[in-house]
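Each remark here refers to the structure printed beneath this line.
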There are 2 protein chains.
Amino acid sequence: MLIRPAERRHAAAISAIIVPTIRRGETYSLDPSMSEADALAYWTASDKETFVAEDDGVVVGTYFIRPNQPGGGRHVCNCGYMTSAVAAGRGVARRMCEHSLAYARSRGYRAMQFNFVVSTNERAVRLWHSLGFETVGRLPQAFLHPTAGYVDALVMYQLL
Amino acid sequence: MLIRPAERRHAAAISAIIVPTIRRGETYSLDPSMSEADALAYWTASDKETFVAEDDGVVVGTYFIRPNQPGGGRHVCNCGYMTSAVAAGRGVARRMCEHSLAYARSRGYRAMQFNFVVSTNERAVRLWHSLGFETVGRLPQAFLHPTAGYVDALVMYQLL
């Protein structure tokens, strides 16, 4: 698996991963009906660095990294990761998160924060814990899940 | 004290409150060197509703309210409050927060979240606790305070 900075030519492949995830509305707090153009603009916004994970030349995942806050909080980064449905269960998210942690250290970030991990996304919660994140906050009923109703969201964090 | 929606004519009064607070860089994670125009654009952005608190016709405070997340998290609001230095200690922040809680309920929000309360801002932390907020998260060393160095930030929350 090769993880590298996204280029303009990856736009369609990135859209093919992020749009279905956003449409499902189960794991990210984004408008499920947002347009493909808006989704791509969000994922590759100017405050973010966006990467793709390629397997045999096929994009199987994508992630972004950005400062979580401006000003006095800009030494803490934030990331978002999405994996192609066809590549689920093959460790793509783990590889991308490991890459992002190494990249964050190389860029001088001192911590990584996930602001809003939907508590029903148990596989992700387990994965982030296994990669060194602690649950440092719990937001009661902060997410309206399409089938489970109001569920908690977690704030996860690790010093780098 | 009269709290009402900000209008274009309040721009200078709002700037006179928010710019010095941003410049100090002690309580908000915003770039202390941001321009006055950028500060005003941030405080009155299109995703926010902005209010002013007037005392005898003088603007002594301002706050905004917005959805803290889009999509499945949009029933949780987020607010920011700033008080004029000359009006400090007169309960302006308390009055604005009470106003925002009532306004949030009237708009159908189900919770209010503060994402990043600097832990050294003890007066604010006490005030938010007294108004029903719980500290639901602690972000280790997430804020670089201009004199205290790296300090924790708090996530505060209340169901409405």
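Chain labels run A, B, ... following the order of the structure tokens; each chain numbers its residues from 1, and ligands are numbered from 1 in the order shown.
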Expected answer as a ChimeraX atom specification: chain B residues within 8 Å of chain A, only C-alpha atoms: /B:25,28-32,69-73,75-76,111,136-140,142-145,155,157,159
Pull N, CA and C atoms from the residues just selected and write them as a PDB file, in the first residue's frame.
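Listed below is the output, selection03.pdb:
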```pdb
ATOM      1  N   GLY B  25      -4.905  36.845  23.117  1.00  0.00           N
ATOM      2  CA  GLY B  25      -4.625  35.430  22.839  1.00  0.00           C
ATOM      3  C   GLY B  25      -4.650  34.530  24.055  1.00  0.00           C
ATOM      4  N   TYR B  28      -9.212  32.671  23.622  1.00  0.00           N
ATOM      5  CA  TYR B  28      -9.750  32.095  22.393  1.00  0.00           C
ATOM      6  C   TYR B  28      -8.603  31.569  21.535  1.00  0.00           C
ATOM      7  N   SER B  29      -8.828  30.407  20.910  1.00  0.00           N
ATOM      8  CA  SER B  29      -7.809  29.854  20.033  1.00  0.00           C
ATOM      9  C   SER B  29      -8.004  30.428  18.630  1.00  0.00           C
ATOM     10  N   LEU B  30      -7.646  31.697  18.516  1.00  0.00           N
ATOM     11  CA  LEU B  30      -7.695  32.408  17.240  1.00  0.00           C
ATOM     12  C   LEU B  30      -6.344  33.081  17.044  1.00  0.00           C
ATOM     13  N   ASP B  31      -5.997  33.329  15.796  1.00  0.00           N
ATOM     14  CA  ASP B  31      -4.717  33.965  15.503  1.00  0.00           C
ATOM     15  C   ASP B  31      -4.701  35.379  16.094  1.00  0.00           C
ATOM     16  N   PRO B  32      -3.829  35.642  17.074  1.00  0.00           N
ATOM     17  CA  PRO B  32      -3.828  36.964  17.717  1.00  0.00           C
ATOM     18  C   PRO B  32      -3.533  38.113  16.760  1.00  0.00           C
ATOM     19  N   GLN B  69     -22.047  21.300  14.585  1.00  0.00           N
ATOM     20  CA  GLN B  69     -21.698  20.393  13.498  1.00  0.00           C
ATOM     21  C   GLN B  69     -22.801  20.490  12.447  1.00  0.00           C
ATOM     22  N   PRO B  70     -22.492  20.156  11.207  1.00  0.00           N
ATOM     23  CA  PRO B  70     -23.579  19.978  10.235  1.00  0.00           C
ATOM     24  C   PRO B  70     -24.134  18.552  10.382  1.00  0.00           C
ATOM     25  N   GLY B  71     -25.074  18.190   9.553  1.00  0.00           N
ATOM     26  CA  GLY B  71     -25.569  16.815   9.498  1.00  0.00           C
ATOM     27  C   GLY B  71     -26.121  16.326  10.821  1.00  0.00           C
ATOM     28  N   GLY B  72     -25.746  15.108  11.199  1.00  0.00           N
ATOM     29  CA  GLY B  72     -26.316  14.439  12.360  1.00  0.00           C
ATOM     30  C   GLY B  72     -26.007  15.098  13.697  1.00  0.00           C
ATOM     31  N   GLY B  73     -25.157  16.111  13.720  1.00  0.00           N
ATOM     32  CA  GLY B  73     -24.842  16.798  14.972  1.00  0.00           C
ATOM     33  C   GLY B  73     -25.395  18.211  15.045  1.00  0.00           C
ATOM     34  N   HIS B  75     -28.163  19.408  15.920  1.00  0.00           N
ATOM     35  CA  HIS B  75     -29.063  19.744  17.037  1.00  0.00           C
ATOM     36  C   HIS B  75     -28.281  20.208  18.264  1.00  0.00           C
ATOM     37  N   VAL B  76     -26.966  20.230  18.177  1.00  0.00           N
ATOM     38  CA  VAL B  76     -26.122  20.753  19.260  1.00  0.00           C
ATOM     39  C   VAL B  76     -25.566  22.094  18.804  1.00  0.00           C
ATOM     40  N   ALA B 111     -28.892  20.635  22.808  1.00  0.00           N
ATOM     41  CA  ALA B 111     -27.722  20.706  23.690  1.00  0.00           C
ATOM     42  C   ALA B 111     -26.872  21.899  23.269  1.00  0.00           C
ATOM     43  N   VAL B 136     -17.127  17.827  30.158  1.00  0.00           N
ATOM     44  CA  VAL B 136     -17.247  16.456  29.655  1.00  0.00           C
ATOM     45  C   VAL B 136     -15.966  15.985  28.977  1.00  0.00           C
ATOM     46  N   GLY B 137     -14.983  16.873  28.882  1.00  0.00           N
ATOM     47  CA  GLY B 137     -13.736  16.467  28.262  1.00  0.00           C
ATOM     48  C   GLY B 137     -12.598  17.385  28.670  1.00  0.00           C
ATOM     49  N   ARG B 138     -11.392  16.840  28.649  1.00  0.00           N
ATOM     50  CA  ARG B 138     -10.194  17.631  28.953  1.00  0.00           C
ATOM     51  C   ARG B 138      -9.146  17.295  27.906  1.00  0.00           C
ATOM     52  N   LEU B 139      -8.635  18.330  27.233  1.00  0.00           N
ATOM     53  CA  LEU B 139      -7.674  18.182  26.147  1.00  0.00           C
ATOM     54  C   LEU B 139      -6.299  18.570  26.670  1.00  0.00           C
ATOM     55  N   PRO B 140      -5.441  17.575  26.921  1.00  0.00           N
ATOM     56  CA  PRO B 140      -4.153  17.861  27.579  1.00  0.00           C
ATOM     57  C   PRO B 140      -3.265  18.778  26.737  1.00  0.00           C
ATOM     58  N   ALA B 142      -3.580  21.411  25.170  1.00  0.00           N
ATOM     59  CA  ALA B 142      -4.079  21.735  23.833  1.00  0.00           C
ATOM     60  C   ALA B 142      -3.978  23.211  23.483  1.00  0.00           C
ATOM     61  N   PHE B 143      -3.643  24.061  24.458  1.00  0.00           N
ATOM     62  CA  PHE B 143      -3.588  25.500  24.196  1.00  0.00           C
ATOM     63  C   PHE B 143      -2.248  26.066  24.657  1.00  0.00           C
ATOM     64  N   LEU B 144      -1.620  26.809  23.774  1.00  0.00           N
ATOM     65  CA  LEU B 144      -0.377  27.495  24.126  1.00  0.00           C
ATOM     66  C   LEU B 144      -0.724  28.902  24.603  1.00  0.00           C
ATOM     67  N   HIS B 145      -0.718  29.052  25.917  1.00  0.00           N
ATOM     68  CA  HIS B 145      -1.051  30.342  26.533  1.00  0.00           C
ATOM     69  C   HIS B 145       0.163  31.258  26.434  1.00  0.00           C
ATOM     70  N   VAL B 155     -13.746  20.706  27.301  1.00  0.00           N
ATOM     71  CA  VAL B 155     -14.976  20.628  26.528  1.00  0.00           C
ATOM     72  C   VAL B 155     -16.132  20.674  27.526  1.00  0.00           C
ATOM     73  N   TYR B 157     -20.480  21.122  28.232  1.00  0.00           N
ATOM     74  CA  TYR B 157     -21.679  20.637  27.531  1.00  0.00           C
ATOM     75  C   TYR B 157     -22.869  20.685  28.458  1.00  0.00           C
ATOM     76  N   LEU B 159     -27.189  19.431  28.142  1.00  0.00           N
ATOM     77  CA  LEU B 159     -28.430  19.126  27.445  1.00  0.00           C
ATOM     78  C   LEU B 159     -29.429  20.212  27.766  1.00  0.00           C
TER      79      LEU B 159
END
```
Selection near stretch 50-60 of chain A, 9 Å with only C-alpha atoms, sequence-local residues under 2 positions removed, as number ranges by chain: A: 1-7, 10, 13-14, 17, 43-45, 48, 62-66, 82-88, 92, 95-96
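In the backbone-derived DSSP annotation, alpha helix (DSSP H) within stretch 45-140 of chain B comprises B:Val92, B:Ala93, B:Arg94, B:Arg95, B:Met96, B:Cys97, B:Glu98, B:His99, B:Ser100, B:Leu101, B:Ala102, B:Tyr103, B:Ala104, B:Arg105, B:Ser106, B:Glu122, B:Arg123, B:Ala124, B:Val125, B:Arg126, B:Leu127, B:Trp128, B:His129, B:Ser130.
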Those of stretch 30-119 of chain A in DSSP strand (DSSP E or B), formatted as JSON, numbers by chain: {"A": [49, 50, 51, 52, 53, 54, 55, 58, 59, 60, 61, 62, 63, 64, 65, 66, 67, 76, 77, 78, 79, 80, 81, 82, 83, 111, 112, 113, 114, 115, 116, 117, 118]}
Mind writing the picked residues with C-alpha atoms as an mmCIF file, in the first residue's frame?
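Resulting contents of result17.cif:
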```
data_model
loop_
_atom_site.group_PDB
_atom_site.id
_atom_site.type_symbol
_atom_site.label_atom_id
_atom_site.label_comp_id
_atom_site.auth_asym_id
_atom_site.auth_seq_id
_atom_site.Cartn_x
_atom_site.Cartn_y
_atom_site.Cartn_z
ATOM 1 C CA GLU A 49 -3.484 18.303 3.507
ATOM 2 C CA THR A 50 -5.173 15.349 1.820
ATOM 3 C CA PHE A 51 -3.632 11.929 1.152
ATOM 4 C CA VAL A 52 -4.665 8.851 -0.777
ATOM 5 C CA ALA A 53 -3.855 5.206 -0.049
ATOM 6 C CA GLU A 54 -3.264 3.184 -3.179
ATOM 7 C CA ASP A 55 -3.167 -0.577 -3.506
ATOM 8 C CA VAL A 58 -6.239 1.647 -7.012
ATOM 9 C CA VAL A 59 -7.255 4.287 -4.458
ATOM 10 C CA VAL A 60 -8.620 2.350 -1.467
ATOM 11 C CA GLY A 61 -8.647 5.115 1.128
ATOM 12 C CA THR A 62 -8.130 8.802 1.774
ATOM 13 C CA TYR A 63 -7.407 10.981 4.754
ATOM 14 C CA PHE A 64 -6.837 14.619 5.626
ATOM 15 C CA ILE A 65 -4.790 16.351 8.302
ATOM 16 C CA ARG A 66 -5.179 19.957 9.433
ATOM 17 C CA PRO A 67 -4.614 22.150 12.476
ATOM 18 C CA VAL A 76 -2.890 20.022 17.777
ATOM 19 C CA CYS A 77 -3.896 18.399 14.516
ATOM 20 C CA ASN A 78 -7.139 16.791 13.440
ATOM 21 C CA CYS A 79 -7.604 14.053 10.850
ATOM 22 C CA GLY A 80 -10.445 12.356 9.008
ATOM 23 C CA TYR A 81 -10.147 8.938 7.326
ATOM 24 C CA MET A 82 -12.385 7.086 4.907
ATOM 25 C CA THR A 83 -11.873 3.691 3.322
ATOM 26 C CA ALA A 111 -1.016 16.130 19.659
ATOM 27 C CA MET A 112 -3.768 14.660 17.499
ATOM 28 C CA GLN A 113 -7.457 15.132 18.297
ATOM 29 C CA PHE A 114 -10.606 13.539 16.907
ATOM 30 C CA ASN A 115 -13.466 15.876 17.737
ATOM 31 C CA PHE A 116 -16.458 13.718 17.006
ATOM 32 C CA VAL A 117 -16.173 9.920 16.917
ATOM 33 C CA VAL A 118 -19.675 8.474 16.772
#
```
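The space separating atom CA of A:Arg123 from atom CA of A:Val151 comes to 15.6 Å.
For the pair atom CA of B:Asp152 and atom CA of B:Leu40, the interatomic distance is 26.9 Å.
Counting from atom CA of A:Trp128, the distance to atom CA of A:Tyr109 is 17.9 Å.
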